[in-house]
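See structure below.
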Amino acid sequence: MERTNGTPILLKQVTEIRDGLRKETVVIETNGLYYIKGDTVYLTFDEQYEGRTVKNVLKIHEDEVVVLRSGAVQMRHTFRKHKETVGTYENDMARWSLKTKTDEVRYEYNEKAKKGQLFFSYILQLAERDAGRYKVTILFREERKR
């Protein structure tokens, strides 16, 4: 399905990172697209990373989220509820292996309100070193025509 076939959305992604005593929150607010192909939901959006664009595609299906990132950052990773999964993350400087143990994957969409929510949480190992616990919440709603 072409990107132009999607429904325009306003999207807010909040990522909470806890690594020992360190806590960090990263918020991205942007426009994107929402569409369904078969029994899989897709969310697509761009973000800025060190002044460059990263294209994000999230594929949501049952208890699984696949995150595909391209551009300034390359990443392909599957987050599967109650499973350990492996993937890669790379930027201009290096390429790292990553492993996650996903605790939770929840997706809800309210057709009447035209808004949805995706939540997933996981423990991350980057290059075989513990990198903390991550909680990702994505809220989105259909962009209203002006």
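Letters for chains follow the order of the structure tokens (A, B, ...), residue numbers begin at 1 for each chain, and ligand numbers begin at 1 in the order shown.
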
Using only C-alpha atoms, tabulate the residues of stretch 27-77 of chain A lying at most 10 Å from any atom of stretch 101-122 of chain A, each with its closest atom pair and that distance in Å to one decimal, by chain and increasing residue number, as a Markdown table.
| residue | atom | partner | partner_atom | distance |
| --- | --- | --- | --- | --- |
| A:Tyr34 | CA | A:Gly116 | CA | 9.8 |
| A:Val41 | CA | A:Tyr107 | CA | 9.7 |
| A:Ile60 | CA | A:Tyr107 | CA | 7.8 |
| A:His61 | CA | A:Tyr107 | CA | 8.9 |
| A:Glu62 | CA | A:Tyr107 | CA | 8.2 |
| A:Asp63 | CA | A:Val105 | CA | 5.6 |
| A:Glu64 | CA | A:Val105 | CA | 6.6 |
| A:Val65 | CA | A:Val105 | CA | 7.5 |

* Asked: What lies within 10 Å of A:Glu16 using only C-alpha atoms, ignoring chain neighbours under 6 positions off, as a list in words?
  ->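 Surrounding residues, per the criterion: Lys23, Glu24, Thr25, Val26, Val27, Ser121, Gly132, Arg133, Tyr134, Lys135, Val136 and Thr137 of chain A.
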
Written selection (all heavy atoms) as an mmCIF file, in the first residue's frame:
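File written: part_20.cif
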data_model
loop_
_atom_site.group_PDB
_atom_site.id
_atom_site.type_symbol
_atom_site.label_atom_id
_atom_site.label_comp_id
_atom_site.auth_asym_id
_atom_site.auth_seq_id
_atom_site.Cartn_x
_atom_site.Cartn_y
_atom_site.Cartn_z
ATOM 1 N N LYS A 23 17.094 8.541 34.759
ATOM 2 C CA LYS A 23 15.787 8.481 34.106
ATOM 3 C C LYS A 23 15.751 9.567 33.046
ATOM 4 O O LYS A 23 16.132 10.709 33.298
ATOM 5 C CB LYS A 23 14.654 8.687 35.103
ATOM 6 C CG LYS A 23 13.294 8.605 34.439
ATOM 7 C CD LYS A 23 12.157 8.841 35.397
ATOM 8 C CE LYS A 23 10.852 8.795 34.624
ATOM 9 N NZ LYS A 23 9.722 9.272 35.400
ATOM 10 N N GLU A 24 15.308 9.207 31.849
ATOM 11 C CA GLU A 24 15.231 10.148 30.741
ATOM 12 C C GLU A 24 13.891 9.960 30.049
ATOM 13 O O GLU A 24 13.396 8.843 29.937
ATOM 14 C CB GLU A 24 16.375 9.866 29.763
ATOM 15 C CG GLU A 24 16.440 10.782 28.586
ATOM 16 C CD GLU A 24 17.590 10.453 27.638
ATOM 17 O OE1 GLU A 24 18.404 9.559 27.944
ATOM 18 O OE2 GLU A 24 17.652 11.082 26.582
ATOM 19 N N THR A 25 13.308 11.063 29.595
ATOM 20 C CA THR A 25 12.069 11.009 28.827
ATOM 21 C C THR A 25 12.298 11.731 27.505
ATOM 22 O O THR A 25 12.786 12.858 27.496
ATOM 23 C CB THR A 25 10.905 11.671 29.595
ATOM 24 O OG1 THR A 25 10.738 10.992 30.841
ATOM 25 C CG2 THR A 25 9.607 11.588 28.812
ATOM 26 N N VAL A 26 11.969 11.061 26.404
ATOM 27 C CA VAL A 26 12.117 11.638 25.068
ATOM 28 C C VAL A 26 10.727 11.729 24.450
ATOM 29 O O VAL A 26 9.996 10.740 24.413
ATOM 30 C CB VAL A 26 13.038 10.760 24.182
ATOM 31 C CG1 VAL A 26 13.163 11.356 22.791
ATOM 32 C CG2 VAL A 26 14.397 10.570 24.829
ATOM 33 N N VAL A 27 10.366 12.923 23.968
ATOM 34 C CA VAL A 27 9.043 13.148 23.391
ATOM 35 C C VAL A 27 9.197 13.590 21.940
ATOM 36 O O VAL A 27 9.994 14.478 21.637
ATOM 37 C CB VAL A 27 8.259 14.220 24.184
ATOM 38 C CG1 VAL A 27 6.894 14.478 23.552
ATOM 39 C CG2 VAL A 27 8.108 13.811 25.637
ATOM 40 N N SER A 121 6.745 -2.117 26.389
ATOM 41 C CA SER A 121 7.842 -1.920 27.337
ATOM 42 C C SER A 121 8.796 -3.100 27.227
ATOM 43 O O SER A 121 8.383 -4.236 26.963
ATOM 44 C CB SER A 121 7.311 -1.780 28.763
ATOM 45 O OG SER A 121 6.664 -2.962 29.174
ATOM 46 N N GLY A 132 19.090 -0.542 30.042
ATOM 47 C CA GLY A 132 17.939 -0.015 30.748
ATOM 48 C C GLY A 132 16.599 -0.579 30.331
ATOM 49 O O GLY A 132 16.484 -1.431 29.459
ATOM 50 N N ARG A 133 15.583 -0.058 31.018
ATOM 51 C CA ARG A 133 14.188 -0.430 30.749
ATOM 52 C C ARG A 133 13.539 0.717 29.999
ATOM 53 O O ARG A 133 13.670 1.871 30.379
ATOM 54 C CB ARG A 133 13.436 -0.691 32.051
ATOM 55 C CG ARG A 133 11.944 -0.877 31.856
ATOM 56 C CD ARG A 133 11.223 -1.258 33.126
ATOM 57 N NE ARG A 133 11.570 -2.600 33.556
ATOM 58 C CZ ARG A 133 11.109 -3.725 33.002
ATOM 59 N NH1 ARG A 133 10.310 -3.664 31.958
ATOM 60 N NH2 ARG A 133 11.452 -4.889 33.478
ATOM 61 N N TYR A 134 12.833 0.376 28.930
ATOM 62 C CA TYR A 134 12.187 1.365 28.069
ATOM 63 C C TYR A 134 10.682 1.152 28.090
ATOM 64 O O TYR A 134 10.219 0.011 28.038
ATOM 65 C CB TYR A 134 12.676 1.217 26.622
ATOM 66 C CG TYR A 134 14.082 1.707 26.397
ATOM 67 C CD1 TYR A 134 15.160 1.107 27.020
ATOM 68 C CD2 TYR A 134 14.324 2.768 25.538
ATOM 69 C CE1 TYR A 134 16.461 1.555 26.810
ATOM 70 C CE2 TYR A 134 15.622 3.231 25.318
ATOM 71 C CZ TYR A 134 16.676 2.616 25.954
ATOM 72 O OH TYR A 134 17.951 3.068 25.743
ATOM 73 N N LYS A 135 9.951 2.263 28.158
ATOM 74 C CA LYS A 135 8.491 2.236 28.038
ATOM 75 C C LYS A 135 8.134 3.231 26.945
ATOM 76 O O LYS A 135 8.467 4.413 27.044
ATOM 77 C CB LYS A 135 7.825 2.644 29.346
ATOM 78 C CG LYS A 135 8.043 1.648 30.461
ATOM 79 C CD LYS A 135 7.343 2.098 31.729
ATOM 80 C CE LYS A 135 7.567 1.091 32.833
ATOM 81 N NZ LYS A 135 6.899 1.491 34.086
ATOM 82 N N VAL A 136 7.482 2.740 25.894
ATOM 83 C CA VAL A 136 7.130 3.573 24.748
ATOM 84 C C VAL A 136 5.611 3.681 24.664
ATOM 85 O O VAL A 136 4.916 2.661 24.614
ATOM 86 C CB VAL A 136 7.690 2.981 23.437
ATOM 87 C CG1 VAL A 136 7.304 3.858 22.246
ATOM 88 C CG2 VAL A 136 9.200 2.798 23.524
ATOM 89 N N THR A 137 5.110 4.919 24.646
ATOM 90 C CA THR A 137 3.688 5.172 24.476
ATOM 91 C C THR A 137 3.516 6.040 23.237
ATOM 92 O O THR A 137 4.157 7.088 23.121
ATOM 93 C CB THR A 137 3.099 5.916 25.696
ATOM 94 O OG1 THR A 137 3.363 5.146 26.875
ATOM 95 C CG2 THR A 137 1.595 6.120 25.542
#

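Among the candidates A:Ile36, A:Arg22, A:Gln125, A:Phe45, the one nearest to A:Ile9 when counting only C-alpha atoms is A:Phe45.
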
Computed gap from atom CA of A:Ala72 to atom CA of A:Gly20 is 28.2 Å

Extract the full set of strand (DSSP E) residues from stretch 43-92 of chain A according to DSSP on the backbone, and format it as JSON, numbers by chain.
{"A": [43, 44, 45, 46, 47, 48, 49, 52, 53, 54, 55, 56, 57, 58, 59, 60, 61, 64, 65, 66, 67, 68, 69, 70, 71, 74, 75, 76, 77, 78, 79, 80, 84, 85, 86, 87, 88, 89, 90]}

Quick one: write out the picked residues with N, CA and C atoms as a short mmCIF file (atom, residue, chain, number, x, y, z; two decimals), in the first residue's frame?
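Below is the file that was written, out-v3.cif:
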data_model
loop_
_atom_site.label_atom_id
_atom_site.label_comp_id
_atom_site.auth_asym_id
_atom_site.auth_seq_id
_atom_site.Cartn_x
_atom_site.Cartn_y
_atom_site.Cartn_z
N LEU A 43 1.80 2.48 11.29
CA LEU A 43 1.97 3.89 11.62
C LEU A 43 3.28 4.31 10.99
N THR A 44 3.28 5.41 10.24
CA THR A 44 4.51 5.90 9.64
C THR A 44 4.68 7.37 10.02
N PHE A 45 5.92 7.75 10.31
CA PHE A 45 6.21 9.14 10.65
C PHE A 45 7.71 9.38 10.54
N ASP A 46 8.07 10.65 10.39
CA ASP A 46 9.47 11.05 10.35
C ASP A 46 9.83 11.73 11.66
N GLU A 47 11.10 11.59 12.04
CA GLU A 47 11.62 12.30 13.21
C GLU A 47 12.98 12.88 12.85
N GLN A 48 13.42 13.84 13.64
CA GLN A 48 14.72 14.45 13.41
C GLN A 48 15.73 13.86 14.40
N TYR A 49 16.91 13.49 13.88
CA TYR A 49 17.99 12.93 14.70
C TYR A 49 19.27 13.66 14.29
N ARG A 52 19.08 15.42 11.05
CA ARG A 52 18.76 14.62 9.86
C ARG A 52 17.46 13.86 10.09
N THR A 53 16.85 13.43 8.99
CA THR A 53 15.55 12.76 9.06
C THR A 53 15.70 11.25 9.23
N VAL A 54 14.86 10.71 10.09
CA VAL A 54 14.73 9.26 10.26
C VAL A 54 13.29 8.91 9.94
N LYS A 55 13.10 8.01 8.98
CA LYS A 55 11.77 7.53 8.62
C LYS A 55 11.44 6.33 9.51
N ASN A 56 10.28 6.34 10.11
CA ASN A 56 9.83 5.27 11.01
C ASN A 56 8.59 4.60 10.44
N VAL A 57 8.60 3.27 10.46
CA VAL A 57 7.43 2.48 10.12
C VAL A 57 7.22 1.51 11.27
N LEU A 58 6.04 1.52 11.87
CA LEU A 58 5.69 0.58 12.92
C LEU A 58 4.59 -0.32 12.38
N LYS A 59 4.82 -1.62 12.46
CA LYS A 59 3.85 -2.63 12.03
C LYS A 59 3.33 -3.30 13.30
N ILE A 60 2.03 -3.20 13.53
CA ILE A 60 1.42 -3.71 14.76
C ILE A 60 0.51 -4.87 14.40
N HIS A 61 0.77 -6.01 15.02
CA HIS A 61 -0.03 -7.21 14.75
C HIS A 61 -0.08 -8.05 16.02
N GLU A 64 2.69 -8.08 18.91
CA GLU A 64 3.98 -7.83 18.29
C GLU A 64 4.01 -6.45 17.62
N VAL A 65 5.16 -5.79 17.75
CA VAL A 65 5.41 -4.52 17.06
C VAL A 65 6.75 -4.65 16.34
N VAL A 66 6.76 -4.38 15.04
CA VAL A 66 8.01 -4.35 14.28
C VAL A 66 8.33 -2.88 14.02
N VAL A 67 9.54 -2.46 14.42
CA VAL A 67 9.98 -1.08 14.22
C VAL A 67 11.04 -1.08 13.12
N LEU A 68 10.76 -0.34 12.06
CA LEU A 68 11.71 -0.18 10.95
C LEU A 68 12.08 1.29 10.89
N ARG A 69 13.37 1.58 10.97
CA ARG A 69 13.85 2.96 10.89
C ARG A 69 14.88 3.04 9.78
N SER A 70 14.83 4.11 8.99
CA SER A 70 15.80 4.29 7.92
C SER A 70 16.14 5.77 7.80
N GLY A 71 17.30 6.04 7.22
CA GLY A 71 17.77 7.42 7.09
C GLY A 71 19.01 7.60 7.95
N GLN A 74 19.57 3.43 11.08
CA GLN A 74 19.02 2.20 10.49
C GLN A 74 18.69 1.24 11.63
N MET A 75 17.48 0.72 11.62
CA MET A 75 17.11 -0.22 12.68
C MET A 75 15.97 -1.09 12.17
N ARG A 76 16.04 -2.35 12.53
CA ARG A 76 14.92 -3.26 12.30
C ARG A 76 14.86 -4.13 13.55
N HIS A 77 13.71 -4.06 14.23
CA HIS A 77 13.59 -4.86 15.44
C HIS A 77 12.13 -5.23 15.69
N THR A 78 11.94 -6.46 16.14
CA THR A 78 10.62 -6.95 16.49
C THR A 78 10.51 -7.04 18.00
N PHE A 79 9.46 -6.44 18.54
CA PHE A 79 9.15 -6.52 19.97
C PHE A 79 7.96 -7.46 20.09
N ARG A 80 8.17 -8.60 20.73
CA ARG A 80 7.14 -9.62 20.85
C ARG A 80 6.88 -9.88 22.33
N GLU A 84 12.23 -12.81 24.05
CA GLU A 84 13.50 -12.15 23.76
C GLU A 84 13.67 -12.14 22.25
N THR A 85 14.07 -10.99 21.71
CA THR A 85 14.29 -10.89 20.27
C THR A 85 15.59 -10.13 20.03
N VAL A 86 16.20 -10.35 18.87
CA VAL A 86 17.46 -9.68 18.53
C VAL A 86 17.29 -8.87 17.25
N GLY A 87 18.10 -7.82 17.14
CA GLY A 87 18.05 -6.96 15.96
C GLY A 87 19.34 -6.17 15.86
N THR A 88 19.32 -5.13 15.03
CA THR A 88 20.50 -4.28 14.86
C THR A 88 20.09 -2.81 14.87
N TYR A 89 21.05 -1.99 15.25
CA TYR A 89 20.89 -0.54 15.26
C TYR A 89 22.18 0.02 14.71
N GLU A 90 22.06 0.95 13.75
CA GLU A 90 23.29 1.55 13.25
C GLU A 90 23.08 3.00 12.87
#

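Our summary of the geometry notes that atom CA of A:Glu50 is positioned 27.6 Å from atom CA of A:Gly6.
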